[in-house]
$ cat protein14.csv   # CSV, C-alpha atoms and all ligand atoms
chain,number,residue,atom,x,y,z
P,1,MET,CA,57.4,19.1,-16.9
P,2,ARG,CA,54.3,18.2,-19.0
P,3,LYS,CA,54.3,14.5,-20.0
P,4,ILE,CA,53.8,14.3,-23.8
P,5,LYS,CA,52.1,11.1,-24.9
P,6,ASN,CA,50.9,11.7,-28.5
P,7,ILE,CA,52.5,14.3,-30.7
P,8,LEU,CA,51.0,15.2,-34.0
P,9,VAL,CA,53.7,16.3,-36.4
P,10,THR,CA,52.2,18.1,-39.4
P,11,GLY,CA,54.3,18.1,-42.6
P,12,GLY,CA,56.5,15.3,-41.1
P,13,ALA,CA,57.4,14.0,-44.6
P,14,GLY,CA,59.0,17.3,-45.6
P,15,PHE,CA,62.6,18.5,-45.0
P,16,ILE,CA,62.5,19.8,-41.4
P,17,GLY,CA,59.5,17.7,-40.3
P,18,SER,CA,61.2,14.4,-41.3
P,19,ASN,CA,64.4,15.5,-39.6
P,20,PHE,CA,62.4,16.3,-36.5
P,21,ILE,CA,61.0,12.8,-36.4
P,22,HIS,CA,64.5,11.3,-36.8
P,23,TYR,CA,65.6,13.7,-34.0
P,24,LEU,CA,62.9,12.6,-31.6
P,25,PHE,CA,63.8,8.9,-32.1
P,26,ASN,CA,67.6,9.3,-32.2
P,27,ASP,CA,68.4,12.3,-29.9
P,28,THR,CA,65.8,12.6,-27.2
P,29,GLU,CA,64.3,10.5,-24.4
P,30,PHE,CA,60.8,10.9,-25.8
P,31,ASP,CA,58.9,7.6,-25.4
P,32,GLY,CA,55.4,8.6,-26.6
P,33,ARG,CA,53.7,8.2,-30.0
P,34,ILE,CA,54.5,10.2,-33.1
P,35,ILE,CA,51.7,10.8,-35.6
P,36,ASN,CA,52.9,12.2,-38.9
P,37,ALA,CA,50.1,13.9,-40.9
P,38,ASP,CA,51.2,14.9,-44.3
P,39,LYS,CA,49.4,15.5,-47.6
P,40,LEU,CA,52.5,14.4,-49.6
P,41,THR,CA,52.7,17.3,-51.9
P,42,TYR,CA,55.7,17.4,-54.3
P,43,ALA,CA,57.8,18.4,-51.2
P,44,GLY,CA,56.6,15.5,-49.0
P,45,ASN,CA,58.5,12.3,-49.4
P,46,LEU,CA,58.1,9.2,-47.2
P,47,GLU,CA,61.5,8.0,-48.3
P,48,ASN,CA,62.9,10.5,-45.8
P,49,LEU,CA,61.5,8.2,-43.1
P,50,THR,CA,62.2,4.7,-44.5
P,51,GLU,CA,64.3,3.6,-41.4
P,52,ILE,CA,61.8,5.0,-38.9
P,53,ASN,CA,58.9,3.3,-40.8
P,54,LYS,CA,60.7,-0.1,-40.8
P,55,LYS,CA,61.4,0.0,-37.1
P,56,HIS,CA,58.5,1.9,-35.5
P,57,GLU,CA,55.4,2.0,-37.8
P,58,GLY,CA,52.3,0.8,-36.0
P,59,LYS,CA,54.1,0.9,-32.6
P,60,ARG,CA,55.4,4.3,-31.8
P,61,TYR,CA,55.2,5.9,-35.2
P,62,PHE,CA,52.1,6.4,-37.4
P,63,PHE,CA,51.8,7.9,-40.8
P,64,GLU,CA,48.5,9.4,-41.9
P,65,LYS,CA,48.1,10.9,-45.3
P,66,ALA,CA,46.0,14.0,-44.6
P,67,ASP,CA,45.5,17.5,-45.8
P,68,ILE,CA,45.6,20.0,-42.9
P,69,CYS,CA,42.8,22.0,-44.6
P,70,ASP,CA,40.4,19.0,-44.3
P,71,TYR,CA,38.6,19.6,-41.0
P,72,ASN,CA,37.1,16.2,-40.7
P,73,ALA,CA,40.3,14.4,-41.5
P,74,ILE,CA,42.2,16.3,-38.8
P,75,GLU,CA,39.3,15.9,-36.3
P,76,LEU,CA,39.6,12.1,-36.8
P,77,LEU,CA,43.3,12.2,-36.0
P,78,PHE,CA,42.9,14.2,-32.8
P,79,ARG,CA,40.3,11.6,-31.6
P,80,LYS,CA,42.0,8.5,-32.9
P,81,TYR,CA,45.4,9.2,-31.3
P,82,ASP,CA,44.2,11.4,-28.4
P,83,ILE,CA,46.6,14.1,-29.5
P,84,ASP,CA,48.1,16.2,-26.6
P,85,THR,CA,50.8,18.1,-28.5
P,86,VAL,CA,51.0,19.5,-32.1
P,87,ILE,CA,54.1,20.7,-33.8
P,88,HIS,CA,53.0,22.4,-37.0
P,89,PHE,CA,55.5,22.3,-39.8
P,90,ALA,CA,53.2,21.6,-42.8
P,91,ALA,CA,53.3,24.5,-45.3
P,92,GLU,CA,54.0,25.5,-48.8
P,93,SER,CA,57.6,26.7,-48.2
P,94,HIS,CA,59.3,27.9,-51.3
P,95,VAL,CA,59.3,31.7,-51.9
P,96,ASP,CA,59.8,31.3,-55.7
P,97,ARG,CA,56.8,29.1,-56.0
P,98,SER,CA,54.8,31.6,-54.0
P,99,ILE,CA,55.6,34.2,-56.6
P,100,HIS,CA,54.5,32.0,-59.5
P,101,GLY,CA,51.4,30.8,-57.8
P,102,PRO,CA,50.3,32.1,-54.3
P,103,ARG,CA,47.0,30.2,-54.1
P,104,ASP,CA,48.3,27.0,-52.4
P,105,PHE,CA,50.3,29.2,-49.9
P,106,ILE,CA,47.1,31.0,-48.8
P,107,GLU,CA,45.2,27.7,-48.7
P,108,THR,CA,47.7,25.6,-46.7
P,109,ASN,CA,49.6,28.2,-44.7
P,110,ILE,CA,46.6,30.3,-43.6
P,111,ASN,CA,43.5,28.1,-44.0
P,112,GLY,CA,45.3,24.9,-43.0
P,113,THR,CA,46.7,26.6,-39.8
P,114,PHE,CA,43.2,27.9,-39.0
P,115,CYS,CA,41.7,24.4,-39.5
P,116,LEU,CA,44.3,22.9,-37.1
P,117,LEU,CA,43.7,25.6,-34.5
P,118,GLU,CA,39.9,25.0,-34.7
P,119,ASN,CA,40.4,21.3,-34.2
P,120,ALA,CA,42.8,21.8,-31.3
P,121,ARG,CA,40.4,24.2,-29.6
P,122,ALA,CA,37.4,21.9,-30.1
P,123,PHE,CA,39.2,18.8,-29.0
P,124,TRP,CA,41.2,20.2,-26.0
P,125,GLY,CA,38.5,22.6,-24.6
P,126,ASP,CA,40.1,24.4,-21.7
P,127,ARG,CA,42.8,21.9,-20.9
P,128,ASP,CA,46.1,23.4,-20.0
P,129,ASP,CA,48.2,20.2,-20.2
P,130,VAL,CA,48.4,20.4,-24.0
P,131,LEU,CA,50.4,22.5,-26.5
P,132,PHE,CA,50.2,23.7,-30.1
P,133,HIS,CA,53.7,24.7,-31.3
P,134,HIS,CA,53.8,26.7,-34.5
P,135,ILE,CA,56.9,26.7,-36.7
P,136,SER,CA,57.5,29.9,-38.5
P,137,THR,CA,60.1,31.8,-40.3
P,138,ASP,CA,62.3,35.0,-39.9
P,139,GLU,CA,60.9,36.1,-43.3
P,140,VAL,CA,57.8,37.5,-41.6
P,141,PHE,CA,60.0,40.4,-40.3
P,142,GLY,CA,60.8,41.8,-43.8
P,143,SER,CA,64.3,42.8,-44.8
P,144,LEU,CA,67.3,44.4,-42.9
P,145,GLY,CA,69.9,46.9,-44.1
P,146,GLU,CA,73.6,46.3,-43.4
P,147,THR,CA,73.2,46.4,-39.7
P,148,GLY,CA,70.6,45.3,-37.1
P,149,PHE,CA,68.8,42.1,-36.2
P,150,PHE,CA,65.3,40.7,-36.0
P,151,TYR,CA,64.1,40.4,-32.4
P,152,GLU,CA,60.9,38.7,-31.1
P,153,THR,CA,59.5,42.2,-30.8
P,154,THR,CA,60.4,43.3,-34.4
P,155,PRO,CA,57.2,44.5,-36.1
P,156,TYR,CA,56.0,42.2,-38.9
P,157,ASP,CA,56.7,43.4,-42.5
P,158,PRO,CA,56.2,40.4,-44.8
P,159,ARG,CA,57.1,41.0,-48.4
P,160,SER,CA,56.4,37.8,-50.4
P,161,PRO,CA,53.2,35.8,-50.7
P,162,TYR,CA,55.1,33.1,-48.7
P,163,SER,CA,56.1,35.3,-45.9
P,164,ALA,CA,52.7,37.1,-45.8
P,165,SER,CA,51.0,33.7,-45.5
P,166,LYS,CA,53.3,32.6,-42.7
P,167,ALA,CA,52.8,36.0,-40.9
P,168,SER,CA,49.1,35.5,-41.2
P,169,SER,CA,49.3,32.1,-39.7
P,170,ASP,CA,51.5,33.4,-36.8
P,171,HIS,CA,48.8,36.0,-36.1
P,172,LEU,CA,46.1,33.4,-36.0
P,173,VAL,CA,48.1,31.2,-33.6
P,174,ARG,CA,48.6,34.2,-31.2
P,175,ALA,CA,44.9,35.2,-31.6
P,176,TYR,CA,43.8,31.7,-30.5
P,177,ASN,CA,46.0,32.0,-27.4
P,178,HIS,CA,44.7,35.5,-26.5
P,179,THR,CA,41.0,34.9,-27.3
P,180,TYR,CA,40.5,31.2,-26.4
P,181,ASN,CA,43.4,30.6,-24.0
P,182,LEU,CA,44.7,27.9,-26.4
P,183,PRO,CA,48.1,26.9,-25.1
P,184,VAL,CA,50.5,27.8,-27.9
P,185,THR,CA,54.2,28.6,-28.5
P,186,LEU,CA,55.8,29.9,-31.7
P,187,SER,CA,59.2,30.0,-33.2
P,188,ASN,CA,60.6,32.1,-36.0
P,189,CYS,CA,63.7,30.5,-37.5
P,190,SER,CA,66.3,31.5,-40.1
P,191,ASN,CA,67.3,29.5,-43.2
P,192,ASN,CA,67.8,25.7,-42.5
P,193,TYR,CA,70.1,23.3,-44.4
P,194,GLY,CA,70.9,19.6,-44.1
P,195,PRO,CA,69.8,16.2,-45.5
P,196,TYR,CA,66.4,15.7,-47.1
P,197,GLN,CA,66.0,19.3,-48.2
P,198,PHE,CA,64.1,19.4,-51.5
P,199,PRO,CA,66.5,20.3,-54.3
P,200,GLU,CA,64.8,23.6,-55.2
P,201,LYS,CA,66.4,25.4,-52.2
P,202,LEU,CA,69.8,27.2,-52.5
P,203,ILE,CA,72.2,24.7,-50.9
P,204,PRO,CA,70.9,21.5,-52.5
P,205,VAL,CA,70.4,23.1,-55.9
P,206,MET,CA,74.0,24.3,-55.8
P,207,ILE,CA,75.5,21.0,-54.6
P,208,LEU,CA,73.7,19.1,-57.3
P,209,ASN,CA,74.4,21.6,-60.1
P,210,ILE,CA,78.1,21.6,-59.2
P,211,LYS,CA,78.1,17.8,-59.3
P,212,GLU,CA,76.2,17.8,-62.6
P,213,LYS,CA,78.3,20.6,-64.1
P,214,LYS,CA,75.3,22.7,-64.7
P,215,PRO,CA,75.1,26.6,-64.4
P,216,LEU,CA,74.9,27.8,-60.8
P,217,PRO,CA,72.2,30.5,-60.9
P,218,VAL,CA,72.7,33.3,-58.4
P,219,TYR,CA,70.0,36.0,-58.1
P,220,GLY,CA,70.9,39.7,-58.7
P,221,ASP,CA,74.4,40.7,-57.5
P,222,GLY,CA,74.6,37.7,-55.2
P,223,ARG,CA,75.0,39.9,-52.1
P,224,ASN,CA,71.8,39.1,-50.4
P,225,ILE,CA,72.5,37.8,-46.9
P,226,ARG,CA,70.9,34.8,-45.1
P,227,ASP,CA,71.6,33.4,-41.7
P,228,TRP,CA,72.1,29.6,-41.9
P,229,LEU,CA,71.3,27.0,-39.3
P,230,TYR,CA,71.7,23.2,-39.4
P,231,VAL,CA,68.3,21.5,-39.4
P,232,ASN,CA,68.9,19.5,-36.2
P,233,ASP,CA,69.7,22.7,-34.4
P,234,HIS,CA,66.3,24.1,-35.4
P,235,ASN,CA,64.7,20.9,-34.2
P,236,SER,CA,66.5,20.8,-30.9
P,237,ALA,CA,65.4,24.4,-30.4
P,238,ALA,CA,61.7,23.6,-31.2
P,239,TRP,CA,61.9,20.6,-28.8
P,240,ALA,CA,63.3,22.8,-26.0
P,241,ILE,CA,60.4,25.3,-26.6
P,242,ILE,CA,57.8,22.5,-26.5
P,243,ASN,CA,59.2,21.2,-23.2
P,244,LYS,CA,60.4,24.3,-21.5
P,245,GLY,CA,58.9,27.3,-23.3
P,246,LYS,CA,56.4,29.7,-21.8
P,247,THR,CA,52.9,29.4,-23.1
P,248,GLY,CA,51.8,32.2,-25.4
P,249,GLU,CA,55.4,33.2,-26.2
P,250,THR,CA,57.6,33.4,-29.3
P,251,TYR,CA,61.2,32.4,-29.6
P,252,ASN,CA,63.6,33.4,-32.4
P,253,ILE,CA,65.9,30.7,-33.6
P,254,GLY,CA,69.0,31.4,-35.7
P,255,GLY,CA,72.5,30.3,-36.7
P,256,GLU,CA,74.2,33.6,-35.9
P,257,ASN,CA,75.9,32.7,-39.2
P,258,GLU,CA,75.4,35.3,-41.9
P,259,TRP,CA,76.6,34.6,-45.4
P,260,GLU,CA,76.3,36.5,-48.7
P,261,ASN,CA,74.8,34.1,-51.3
P,262,ILE,CA,77.8,34.5,-53.6
P,263,LYS,CA,80.3,33.7,-50.9
P,264,LEU,CA,78.3,30.6,-49.9
P,265,VAL,CA,78.2,29.4,-53.5
P,266,ASN,CA,81.9,29.9,-53.9
P,267,SER,CA,82.5,28.0,-50.7
P,268,LEU,CA,80.2,25.2,-52.0
P,269,CYS,CA,82.3,25.0,-55.2
P,270,GLU,CA,85.4,24.6,-53.2
P,271,LYS,CA,84.0,22.0,-50.9
P,272,VAL,CA,82.3,19.9,-53.5
P,273,ALA,CA,85.4,20.0,-55.7
P,274,ARG,CA,87.4,18.7,-52.7
P,275,PHE,CA,84.9,15.8,-52.2
P,276,LEU,CA,85.0,15.0,-55.9
P,277,LYS,CA,88.8,15.6,-56.2
P,278,LYS,CA,88.2,18.0,-59.1
P,279,ASP,CA,89.3,21.5,-60.0
P,280,THR,CA,87.5,24.3,-58.0
P,281,ASP,CA,88.0,27.0,-60.7
P,282,TYR,CA,86.1,24.9,-63.3
P,283,TYR,CA,83.0,24.9,-60.9
P,284,LYS,CA,83.4,28.6,-60.1
P,285,LYS,CA,83.1,29.4,-63.8
P,286,LEU,CA,79.6,27.8,-63.7
P,287,ILE,CA,78.3,30.7,-61.5
P,288,THR,CA,75.8,32.6,-63.6
P,289,PHE,CA,74.1,35.8,-62.3
P,290,VAL,CA,70.4,35.8,-63.2
P,291,LYS,CA,67.6,38.4,-63.0
P,292,ASP,CA,66.8,39.1,-59.4
P,293,ARG,CA,63.8,37.6,-57.7
P,294,PRO,CA,61.0,40.1,-57.5
P,295,GLY,CA,60.9,41.8,-54.0
P,296,HIS,CA,64.1,39.9,-53.0
P,297,ASP,CA,64.8,40.7,-49.3
P,298,ARG,CA,68.3,41.9,-48.9
P,299,ARG,CA,69.4,40.7,-45.5
P,300,TYR,CA,68.0,38.5,-42.7
P,301,ALA,CA,69.7,38.2,-39.4
P,302,ILE,CA,68.2,36.7,-36.2
P,303,ASN,CA,68.9,37.7,-32.6
P,304,CYS,CA,68.3,34.5,-30.7
P,305,ASP,CA,69.5,35.6,-27.2
P,306,ARG,CA,66.1,34.9,-25.7
P,307,ILE,CA,66.0,31.1,-26.3
P,308,LYS,CA,69.7,30.9,-25.3
P,309,SER,CA,69.3,32.6,-22.0
P,310,GLU,CA,65.8,31.4,-21.1
P,311,LEU,CA,65.9,27.8,-22.3
P,312,GLY,CA,69.6,27.1,-22.4
P,313,TRP,CA,69.5,26.2,-26.1
P,314,LYS,CA,72.5,26.7,-28.4
P,315,GLN,CA,73.6,25.8,-31.9
P,316,SER,CA,75.7,22.6,-31.9
P,317,VAL,CA,76.8,22.2,-35.5
P,318,ASP,CA,79.2,24.7,-37.0
P,319,PHE,CA,78.7,25.7,-40.6
P,320,ASP,CA,81.9,24.1,-42.0
P,321,ALA,CA,81.1,20.7,-40.5
P,322,GLY,CA,77.4,21.0,-41.3
P,323,LEU,CA,78.0,21.8,-44.9
P,324,ASP,CA,80.4,18.9,-45.3
P,325,ARG,CA,77.9,16.6,-43.8
P,326,THR,CA,75.2,17.9,-46.1
P,327,ILE,CA,77.4,17.7,-49.2
P,328,GLU,CA,78.3,14.1,-48.4
P,329,TRP,CA,74.7,13.2,-47.9
P,330,TYR,CA,73.7,14.6,-51.3
P,331,LEU,CA,76.6,13.0,-53.0
P,332,ASN,CA,75.7,9.6,-51.5
P,333,ASN,CA,71.9,9.6,-52.0
P,334,GLN,CA,71.4,9.6,-55.8
P,335,ARG,CA,68.4,7.4,-55.7
P,336,TRP,CA,66.6,9.8,-53.3
P,337,ILE,CA,67.5,12.7,-55.6
P,338,ASP,CA,66.2,10.9,-58.8
P,339,ASN,CA,63.0,10.0,-57.0
P,340,VAL,CA,62.2,13.5,-55.7
P,341,ARG,CA,63.0,15.0,-59.0
P,342,SER,CA,60.5,12.9,-60.9
P,343,GLY,CA,56.7,12.9,-60.6
P,344,GLU,CA,54.8,16.0,-59.7
P,345,TYR,CA,57.9,18.2,-59.2
P,346,LYS,CA,59.1,17.4,-62.7
P,347,LYS,CA,55.7,18.2,-64.2
P,348,TRP,CA,55.7,21.6,-62.4
P,349,MET,CA,59.2,22.5,-63.4
P,350,GLU,CA,58.4,21.6,-67.1
P,351,LYS,CA,55.3,23.8,-67.0
P,352,ASN,CA,56.8,26.8,-65.2
P,353,TYR,CA,60.4,26.8,-66.3
P,354,SER,CA,60.4,25.3,-69.8
P,355,LYS,CA,60.1,28.6,-71.6
P,356,ARG,CA,63.1,30.2,-69.8
V,1,LIG,N1,63.3,25.5,-44.8
V,1,LIG,C1,63.6,26.6,-44.0
V,1,LIG,O1,64.7,27.1,-44.2
V,1,LIG,C2,62.6,27.1,-43.0
V,1,LIG,C3,63.1,28.1,-42.1
V,1,LIG,C4,62.2,28.6,-41.2
V,1,LIG,C5,60.9,28.1,-41.1
V,1,LIG,N2,60.5,27.1,-42.0
V,1,LIG,C6,59.2,26.6,-41.8
V,1,LIG,O2,59.3,25.2,-41.4
V,1,LIG,C7,58.2,24.5,-41.9
V,1,LIG,C8,58.7,23.3,-42.7
V,1,LIG,O3,59.5,23.7,-43.8
V,1,LIG,P1,60.3,22.7,-44.8
V,1,LIG,O4,61.4,23.4,-45.4
V,1,LIG,O5,60.5,21.4,-44.1
V,1,LIG,O6,59.2,22.6,-45.9
V,1,LIG,P2,59.0,21.4,-47.0
V,1,LIG,O7,58.3,22.1,-48.2
V,1,LIG,O8,60.2,20.6,-47.2
V,1,LIG,O9,57.9,20.4,-46.3
V,1,LIG,C9,56.5,20.8,-46.2
V,1,LIG,C10,55.7,19.5,-45.9
V,1,LIG,O10,54.4,19.9,-45.6
V,1,LIG,C11,53.5,19.0,-46.4
V,1,LIG,N3,52.3,19.8,-46.7
V,1,LIG,C12,52.2,20.8,-47.6
V,1,LIG,N4,50.9,21.2,-47.6
V,1,LIG,C13,50.2,20.4,-46.8
V,1,LIG,C14,48.8,20.2,-46.4
V,1,LIG,N5,47.9,21.0,-47.0
V,1,LIG,N6,48.5,19.3,-45.6
V,1,LIG,C15,49.4,18.4,-45.0
V,1,LIG,N7,50.7,18.5,-45.3
V,1,LIG,C16,51.1,19.4,-46.2
V,1,LIG,C17,54.3,18.7,-47.6
V,1,LIG,O11,53.9,17.5,-48.2
V,1,LIG,C18,55.7,18.5,-47.0
V,1,LIG,O12,56.0,17.2,-46.5
V,1,LIG,C19,57.4,25.4,-42.8
V,1,LIG,O13,56.3,25.8,-41.9
V,1,LIG,C20,58.3,26.6,-43.0
V,1,LIG,O14,57.6,27.8,-43.2
V,1,LIG,C21,61.3,26.6,-42.9
$ encode --input "protein14.csv" --output "structure tokens"
Amino acid sequence: MRKIKNILVTGGAGFIGSNFIHYLFNDTEFDGRIINADKLTYAGNLENLTEINKKHEGKRYFFEKADICDYNAIELLFRKYDIDTVIHFAAESHVDRSIHGPRDFIETNINGTFCLLENARAFWGDRDDVLFHHISTDEVFGSLGETGFFYETTPYDPRSPYSASKASSDHLVRAYNHTYNLPVTLSNCSNNYGPYQFPEKLIPVMILNIKEKKPLPVYGDGRNIRDWLYVNDHNSAAWAIINKGKTGETYNIGGENEWENIKLVNSLCEKVARFLKKDTDYYKKLITFVKDRPGHDRRYAINCDRIKSELGWKQSVDFDAGLDRTIEWYLNNQRWIDNVRSGEYKKWMEKNYSKR
């Protein structure tokens, strides 16, 4: 197996990236250096890494505030830390935001990925003991009807500015492999949930709105279906690919855990009510159907047989336990919630949502 010495984690202050850094320290034998490069947009939060920072900063963990679109800044990081592996999480990640303002999505997700690839190609030359792992989404495949699954071979059909920008970045990564022999792997994963997820995504929004007795906004008829995976299971899959995956290949990652949004929200009402020792029906009455998101994909469902059979990966956290763990985390981390809801995010919400 390839010895990884210096791994560059882009977007390591975001939801999945910060969980990945925790995962490397807590759940793997990895003993190299971790370099977290993050621009710290509204979604990046160094508080996600307070413990890691205290224990490991300057020894095995290094934070660098950097924009992946800045060629010189990224070049400097490759040289300074002698990077041999990249795991590329950094992205604008929220579909609703991509509908309001796609520009940042094109800039970071497409141009930022291009800039990283260019740097990797220039720094690594024709080395084959290096790897660029690109993290992507199942949303690139479009929308499913009532049956069927997304496979690694499913043709791309992105339908939001977010998914189109991620699809574009996937194509660039594959093109660098085909054209320049850059060693790459890719993964397309379904919806993640867990601690440190920014409270604009479905599960944290609902947990916090239930707790705060605010309306629980559900798009359209609430029957859109998503496949949910606990964030650590995504990260263990990405780590398996980095260590054992075949260069140039793509692996689907999923929870095999499909839920209609409305059923999930009802279940969250029941669970949070149990934690707070309150009446479930009161919370369920807060459910408010709102005008559907433009171009809202109906159903996503991943077939992840390949990573299971070829790399021996499997999900380890069942949904019931994962949701309980997540709810408990959000109920016990009010300071984190107050902090991420202030600053840039607050300004953006006021500008974009104040007239609604
Ligand atoms: N959240 C999901 O359910 C999910 C599912 C599948 C795939 N993904 C993919 O996983 C990755 C991480 O998603 P997430 O949910 O953790 O996102 P997130 O929005 O929580 O975090 C993104 C991070 O990237 C950083 N960032 C943004 N622009 C940057 C730039 N130009 N330069 C450097 N850093 C920048 C942000 O500061 C933030 O820390 C994304 O590529 C996303 O497409 C997410």
$ closest_residue --input "protein14.csv" --among "P:Asp233, P:Glu152, P:Asp67, P:Asp157" --to "Asp318 of chain P" --atoms "all atoms listed in the file"
P:Asp233
$ residues_near_ligand --input "protein14.csv" --ligand "ligand LIG 1 (chain V)" --cutoff "8 Å" --atoms "all atoms listed in the file" --output "VMD selection string"
chain P and resid 10 to 18 37 to 45 65 to 69 88 to 94 104 107 to 109 112 134 to 139 166 188 to 193 196 to 198
$ closest_residue --input "protein14.csv" --among "P:Val317, P:Leu331, P:Ile242, P:Ile253" --to "Phe275 of chain P" --atoms "all atoms listed in the file"
P:Leu331
$ atom_distance --input "protein14.csv" --atom1 "atom CA of Asn339 of chain P" --atom2 "atom CA of Asn36 of chain P"
20.8 Å
$ residues_around --input "protein14.csv" --residues "segment 220-228 of chain P" --least-positions-apart "2" --cutoff "6 Å" --atoms "all atoms listed in the file" --output "ChimeraX atom specification"
/P:190-192,218,255,257-262,290-292,298-301
$ residues_near_point --input "protein14.csv" --point "(49.0, 35.2, -50.1)" --cutoff "8 Å" --atoms "all atoms listed in the file" --output "list of chain:residue names"
P:Ser98, P:Pro102, P:Arg103, P:Phe105, P:Ile106, P:Ser160, P:Pro161, P:Tyr162, P:Ala164, P:Ser165
$ atom_distance --input "protein14.csv" --atom1 "atom CA of Asp84 of chain P" --atom2 "atom CA of Asp129 of chain P"
7.5 Å
$ closest_residue --input "protein14.csv" --among "P:Trp329, P:Phe25, P:Phe141, P:Tyr251" --to "Trp313 of chain P" --atoms "all atoms listed in the file"
P:Tyr251
$ atom_distance --input "protein14.csv" --atom1 "atom CA of Ile34 of chain P" --atom2 "atom CA of Leu49 of chain P"
12.4 Å
$ closest_residue --input "protein14.csv" --among "P:Val184, P:Leu276, P:Leu264, P:Ala237" --to "Ala120 of chain P" --atoms "all atoms listed in the file"
P:Val184
$ build_atoms --input "protein14.csv" --residues "segment 337-342 of chain P" --atoms "all heavy atoms" --output "JSON list (two decimals), keeping the file's coordinate frame"
[["chain", "number", "residue", "atom", "x", "y", "z"],
["P", 337, "ILE", "N", 67.54, 11.50, -54.76],
["P", 337, "ILE", "CA", 67.50, 12.70, -55.60],
["P", 337, "ILE", "C", 66.70, 12.39, -56.90],
["P", 337, "ILE", "O", 65.82, 13.16, -57.30],
["P", 337, "ILE", "CB", 68.94, 13.12, -55.98],
["P", 337, "ILE", "CG1", 69.61, 13.66, -54.72],
["P", 337, "ILE", "CG2", 68.96, 14.17, -57.09],
["P", 337, "ILE", "CD1", 71.12, 13.61, -54.75],
["P", 338, "ASP", "N", 66.96, 11.25, -57.52],
["P", 338, "ASP", "CA", 66.20, 10.90, -58.80],
["P", 338, "ASP", "C", 64.74, 10.80, -58.46],
["P", 338, "ASP", "O", 63.91, 11.27, -59.23],
["P", 338, "ASP", "CB", 66.72, 9.55, -59.31],
["P", 338, "ASP", "CG", 68.14, 9.64, -59.81],
["P", 338, "ASP", "OD1", 68.60, 10.78, -60.07],
["P", 338, "ASP", "OD2", 68.81, 8.59, -59.93],
["P", 339, "ASN", "N", 64.40, 10.20, -57.34],
["P", 339, "ASN", "CA", 63.00, 10.00, -57.00],
["P", 339, "ASN", "C", 62.28, 11.36, -56.77],
["P", 339, "ASN", "O", 61.19, 11.58, -57.28],
["P", 339, "ASN", "CB", 62.81, 9.11, -55.80],
["P", 339, "ASN", "CG", 63.14, 7.68, -56.15],
["P", 339, "ASN", "OD1", 63.29, 7.33, -57.32],
["P", 339, "ASN", "ND2", 63.28, 6.84, -55.14],
["P", 340, "VAL", "N", 62.89, 12.24, -55.98],
["P", 340, "VAL", "CA", 62.20, 13.50, -55.70],
["P", 340, "VAL", "C", 62.13, 14.40, -56.93],
["P", 340, "VAL", "O", 61.25, 15.26, -57.04],
["P", 340, "VAL", "CB", 62.74, 14.31, -54.50],
["P", 340, "VAL", "CG1", 62.62, 13.55, -53.21],
["P", 340, "VAL", "CG2", 64.14, 14.79, -54.73],
["P", 341, "ARG", "N", 63.06, 14.20, -57.85],
["P", 341, "ARG", "CA", 63.00, 15.00, -59.00],
["P", 341, "ARG", "C", 62.07, 14.52, -60.11],
["P", 341, "ARG", "O", 61.89, 15.15, -61.15],
["P", 341, "ARG", "CB", 64.41, 15.13, -59.67],
["P", 341, "ARG", "CG", 65.33, 16.13, -58.98],
["P", 341, "ARG", "CD", 66.68, 15.90, -59.55],
["P", 341, "ARG", "NE", 67.57, 17.01, -59.39],
["P", 341, "ARG", "CZ", 68.82, 16.98, -59.81],
["P", 341, "ARG", "NH1", 69.30, 15.90, -60.41],
["P", 341, "ARG", "NH2", 69.62, 18.01, -59.65],
["P", 342, "SER", "N", 61.47, 13.37, -59.88],
["P", 342, "SER", "CA", 60.50, 12.90, -60.90],
["P", 342, "SER", "C", 59.11, 13.27, -60.44],
["P", 342, "SER", "O", 58.94, 14.13, -59.60],
["P", 342, "SER", "CB", 60.64, 11.33, -60.94],
["P", 342, "SER", "OG", 60.31, 10.79, -59.68]]
